[in-house]
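Below: the structure, in structure tokens.
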Amino acid sequence: MAVWAADIGGTAIKLAIVDRGRILLTREIAALPGDGLRHAMNRIAPIWQELCQQTAIAESDITAIGIALPAIVAPESGKIWAVPGGKFPDAPTLKFAAWIDNKFRKPAYWCNDAHAALAGEIKYGVARRAKNVGMITLGTGVGTAIVLRGRHLTGTHGLAGNAGGHNTIDAGGGRCGCGNIGCVETQASSWVLPAQAADSPLFSQSALAAEASVTYEAVFRLARKGDFLARQLRAHALKTWAITATTLIHNYDPELLVIGGKIARSADVIVPFMQKFIRAHCWAKWNVPIRPAALGNEAGIRGIAYLAAKDAKRSR
Ligand SMILES: [Zn+2]
């Protein structure tokens, strides 16, 4: 039951061969989202073939293909409705199901990336046995996903539960890639951070100015050392993400909230802050545990491989 899996992000694409939940071999390439989804899939195909050669797995033994996308994906038809920020601009008009069938001739399954990460955490990670779970993935954007009573919340077009990063939290805020204003993502996400830092009058005096690129890894590292701008940006991000967590609890009443994505490497700071904020601000007066993703940055790729294998088995 080996599966070709891809977790397509706004910045990088993670690729793997996964066999019954175990990653056999993995590779990462640049996302190049401006070049489109078809172009990305054409770059992915030969790498999947290489991974087969390196693991001595015949291509004919690949039983399914799983693709996690930073997009709104319809639950039944698989139609890709939207990718925020104009990324992969061909995706909404590309007849993806027909295209992928023609290219690979294998059962394929694709869905929103936060949805895939939550599936991974429920199957193999920190949310095992949980029936009502929320997830926030902190990466290029802010992704969310919700499982209620054991079922992924999708809505009509796949938007339900996925748009936690696109709730307006600043009515006077800037325009987001999704078209809305003042979204969570416009306040604290990897795509907005470099401009936020550069726009600050403190930037030239901050150690962030000497970094090759302004990332939350650098912000958390320099904030620990007392850098004033890094501390300011960290405080703003922590508050923004804690408000997002509070909103998810208010909207969906989960028994557990999982924090994943690349930035969750700083979970030692993020999780205690969120927990304290929620205790002080959330309507819910019961404890909602918050846990970092046990699978770390592999949650998405293991989740999408699991979902693809399950879907292929069902449709056989
Ligand atoms: Zn938005």
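For the structure tokens, the naming scheme is as follows: chains receive sequential letters (A, B, ...) according to their order of presentation, residues are indexed from 1 within each chain, and ligands are indexed from 1 in presentation order.
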For this session: For ligand 1, collect every residue having any atom at a distance of at most 6 Å from a ligand atom (counting only C-alpha atoms and all ligand atoms); output as an NGL selection string.
Result: :A and (166 or 176-178 or 180 or 183)
Can you write out the residues you just picked, keeping N, CA and C atoms, as a tab-separated table (two decimals), in the first residue's frame?
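Output (again.tsv):
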chain	number	residue	atom	x	y	z
A	166	HIS	N	-8.67	33.50	7.96
A	166	HIS	CA	-9.27	34.58	7.17
A	166	HIS	C	-10.47	35.22	7.87
A	176	CYS	N	-6.07	41.19	2.32
A	176	CYS	CA	-5.48	39.86	2.37
A	176	CYS	C	-5.49	39.24	0.97
A	177	GLY	N	-4.68	38.22	0.78
A	177	GLY	CA	-4.65	37.51	-0.50
A	177	GLY	C	-5.97	36.86	-0.85
A	178	CYS	N	-6.85	36.66	0.15
A	178	CYS	CA	-8.14	36.02	-0.10
A	178	CYS	C	-9.17	37.05	-0.59
A	180	ASN	N	-10.39	39.50	1.43
A	180	ASN	CA	-10.98	40.11	2.64
A	180	ASN	C	-10.00	41.15	3.22
A	183	CYS	N	-7.58	40.18	7.82
A	183	CYS	CA	-7.60	38.75	8.21
A	183	CYS	C	-6.47	38.46	9.20
Enumerate, in order of chain and increasing residue number, the residues of region 82-135 of chain A with an atom no farther than 12 Å from region 309-312 of chain A, each with its shortest atom pair and distance in Å to one decimal, counting only C-alpha atoms, as a tab-separated table.
residue	atom	partner	partner_atom	distance
A:Lys106	CA	A:Ala312	CA	8.9
A:Pro107	CA	A:Ala312	CA	5.7
A:Ala108	CA	A:Ala312	CA	7.4
A:Tyr109	CA	A:Asp311	CA	6.9
A:Trp110	CA	A:Asp311	CA	10.1
A:Cys111	CA	A:Asp311	CA	11.7
A:Ala119	CA	A:Lys310	CA	11.4
A:Lys123	CA	A:Lys310	CA	11.6
For this session: Report as number ranges by chain: the residues of region 97-281 of chain A with a DSSP assignment of alpha helix (DSSP H), based on the backbone of this structure.
Result: A: 97-104, 113-124, 184-187, 193-199, 216-224, 228-252, 267-281
Interface rows for region 152-269 of chain A against region 125-129 of chain A: nearest pair, Å to one decimal, 9 Å, only C-alpha atoms, as a Markdown table:
| residue | atom | partner | partner_atom | distance |
| --- | --- | --- | --- | --- |
| A:Leu256 | CA | A:Ala127 | CA | 7.5 |
| A:Leu257 | CA | A:Ala127 | CA | 8.6 |
| A:Val258 | CA | A:Ala127 | CA | 7.6 |
Problem set entry | Selection: 10 Å around His236 (chain A), only C-alpha atoms, excl. self and same-chain fewer than 5 positions, as a list in words |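 Final neighbour list, sorted by chain and number: Gln187, Ala188, Ala230, Arg231, Trp241 and Ala242 of chain A.
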For this session: Return the single residue from A:Gln53, A:Thr215, A:Thr140, A:Ser206 that is closest to Gly10 (chain A), with distances computed using only C-alpha atoms.
Result: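 Closest to Gly10 (chain A), using only C-alpha atoms: A:Thr140.
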Exercise. So what do you get for CA of Ala267 (chain A) versus CA of Ala163 (chain A), distance-wise?
Worked result: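 We find that CA of Ala267 (chain A) and CA of Ala163 (chain A) lie 21.7 Å from each other.
For the pair CA of Phe88 (chain A) and CA of Gly34 (chain A), the separation is 5.7 Å.
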For this session: Pick out each residue of region 136-232 of chain A that DSSP on the backbone tags as strand (DSSP E or B); I need them as a VMD selection string.
Result: chain A and resid 136 to 138 142 to 148 151 to 152 168 175 181 183
Exercise. Looking at only C-alpha atoms, which of A:Gly179, A:Gly174, A:Gly165, A:Pro33 is the one that sits closest to Thr240 (chain A)?
Worked result: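 Of A:Gly179, A:Gly174, A:Gly165, A:Pro33, the one nearest Thr240 (chain A) is A:Gly165, counting only C-alpha atoms.
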Problem set entry | Counting only C-alpha atoms, the residue of A:Ala235, A:Met1, A:Ala280, A:Val288 that sits nearest Asn132 (chain A) |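 The closest residue to Asn132 (chain A) is A:Val288.
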For this session: Would you kindly return, as JSON, numbers by chain, each protein, DNA or RNA residue with an atom no farther than 12 Å from any atom of Gly36 (chain A), considering only C-alpha atoms and excluding same-chain residues fewer than 3 positions away?
Result: {"A": [8, 10, 31, 32, 33, 39, 40, 41, 42, 43, 83, 86, 87, 88, 89, 90, 91, 92, 93, 94]}
Output C-alpha atoms for every residue in the selection just made, as an mmCIF file, in the first residue's frame.
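Dumped to part.cif:
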data_model
loop_
_atom_site.group_PDB
_atom_site.id
_atom_site.type_symbol
_atom_site.label_atom_id
_atom_site.label_comp_id
_atom_site.auth_asym_id
_atom_site.auth_seq_id
_atom_site.Cartn_x
_atom_site.Cartn_y
_atom_site.Cartn_z
ATOM 1 C CA ILE A 8 2.098 21.636 -1.504
ATOM 2 C CA GLY A 10 2.982 28.420 -0.432
ATOM 3 C CA ALA A 31 6.829 25.665 -4.534
ATOM 4 C CA LEU A 32 7.147 28.306 -7.318
ATOM 5 C CA PRO A 33 3.424 29.034 -6.915
ATOM 6 C CA HIS A 39 3.758 23.156 -13.672
ATOM 7 C CA ALA A 40 4.209 22.059 -10.036
ATOM 8 C CA MET A 41 2.717 18.619 -10.760
ATOM 9 C CA ASN A 42 4.971 18.275 -13.821
ATOM 10 C CA ARG A 43 7.992 18.937 -11.578
ATOM 11 C CA VAL A 83 -5.970 29.492 -3.618
ATOM 12 C CA GLY A 86 -3.172 34.365 -6.421
ATOM 13 C CA LYS A 87 -0.897 31.361 -5.927
ATOM 14 C CA PHE A 88 -1.126 28.515 -8.447
ATOM 15 C CA PRO A 89 -3.334 30.773 -10.605
ATOM 16 C CA ASP A 90 -4.321 27.978 -13.017
ATOM 17 C CA ALA A 91 -5.759 25.785 -10.199
ATOM 18 C CA PRO A 92 -9.392 27.022 -10.176
ATOM 19 C CA THR A 93 -9.802 26.618 -13.960
ATOM 20 C CA LEU A 94 -7.704 23.479 -14.369
#
Problem set entry | Pick from A:Leu295, A:Ala237, A:Ala98, A:Ile263 nearest to Thr186 (chain A), counting only C-alpha atoms |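 Among A:Leu295, A:Ala237, A:Ala98, A:Ile263, it is A:Ala237 that comes nearest to Thr186 (chain A).
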For this session: Enter the distance from CA of Val18 (chain A) to CA of Ala74 (chain A), in Å, rounded to one decimal.
Result: 24.6 Å
For this session: Might you pull out every residue within 8 Å of Leu159 (chain A), with only C-alpha atoms counted and same-chain residues fewer than 3 positions away left off, and present them as a PyMOL selection string?
Result: chain A and resi 72-74+154-156+162-163
Exercise. Which residue gives the smallest distance to Asp113 (chain A) among A:Ala195, A:Met274, A:Ala64, A:Ala5, with only C-alpha atoms counted?
Worked result: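 Nearest to Asp113 (chain A): A:Ala5.
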Tell me, as a PDB file with C-alpha atoms, in the first residue's frame, which residues lie within 12 Å of Val271 (chain A), counting only C-alpha atoms; anything in the same chain fewer than 2 positions away does not count.
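Result file follows (around.pdb):
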ATOM      1  CA  ILE A 136      -4.244  25.651  13.475  1.00  0.00           C
ATOM      2  CA  LEU A 238       1.109  35.429  19.893  1.00  0.00           C
ATOM      3  CA  LYS A 239      -1.936  37.600  20.562  1.00  0.00           C
ATOM      4  CA  TRP A 241      -2.885  33.372  17.073  1.00  0.00           C
ATOM      5  CA  ALA A 242      -4.403  33.196  20.581  1.00  0.00           C
ATOM      6  CA  ALA A 245      -7.637  29.791  18.903  1.00  0.00           C
ATOM      7  CA  LEU A 257      -6.805  22.104  19.770  1.00  0.00           C
ATOM      8  CA  VAL A 258      -3.655  21.096  17.849  1.00  0.00           C
ATOM      9  CA  ILE A 259      -1.017  23.624  16.756  1.00  0.00           C
ATOM     10  CA  GLY A 260       1.060  22.588  13.734  1.00  0.00           C
ATOM     11  CA  ILE A 263       6.213  27.927  13.306  1.00  0.00           C
ATOM     12  CA  ALA A 264       4.924  25.365  15.852  1.00  0.00           C
ATOM     13  CA  ARG A 265       8.613  24.602  16.469  1.00  0.00           C
ATOM     14  CA  SER A 266       8.251  27.484  18.934  1.00  0.00           C
ATOM     15  CA  ALA A 267       5.350  25.701  20.656  1.00  0.00           C
ATOM     16  CA  ASP A 268       7.154  26.054  24.028  1.00  0.00           C
ATOM     17  CA  VAL A 269       6.274  29.774  23.848  1.00  0.00           C
ATOM     18  CA  PHE A 273       0.599  31.899  25.871  1.00  0.00           C
ATOM     19  CA  MET A 274      -2.515  30.583  24.114  1.00  0.00           C
ATOM     20  CA  GLN A 275      -3.611  28.642  27.149  1.00  0.00           C
ATOM     21  CA  LYS A 276      -3.302  31.679  29.417  1.00  0.00           C
ATOM     22  CA  PHE A 277      -5.083  33.928  26.881  1.00  0.00           C
ATOM     23  CA  ILE A 278      -7.941  31.454  26.482  1.00  0.00           C
ATOM     24  CA  VAL A 288      -9.543  23.029  26.304  1.00  0.00           C
ATOM     25  CA  PRO A 289      -6.126  21.373  26.016  1.00  0.00           C
ATOM     26  CA  ILE A 290      -3.780  22.788  23.388  1.00  0.00           C
ATOM     27  CA  ARG A 291      -1.056  20.494  22.089  1.00  0.00           C
ATOM     28  CA  PRO A 292       1.689  20.891  19.505  1.00  0.00           C
ATOM     29  CA  ALA A 293       1.347  18.539  16.518  1.00  0.00           C
TER      30      ALA A 293
END
Exercise. If we count only C-alpha atoms, what is near Gln205 (chain A) at a cut-off of 10 Å, once residues fewer than 5 positions away on the same chain are taken out, given as a list in words?
Worked result: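 My list of contacting residues is Ala210, Asp227, Phe228 and Leu229 of chain A.
Distances here use only C-alpha atoms; by that measure, the residue among A:Gly161, A:Gly172, A:Gly21, A:Pro70 closest to Val133 (chain A) is A:Gly161.
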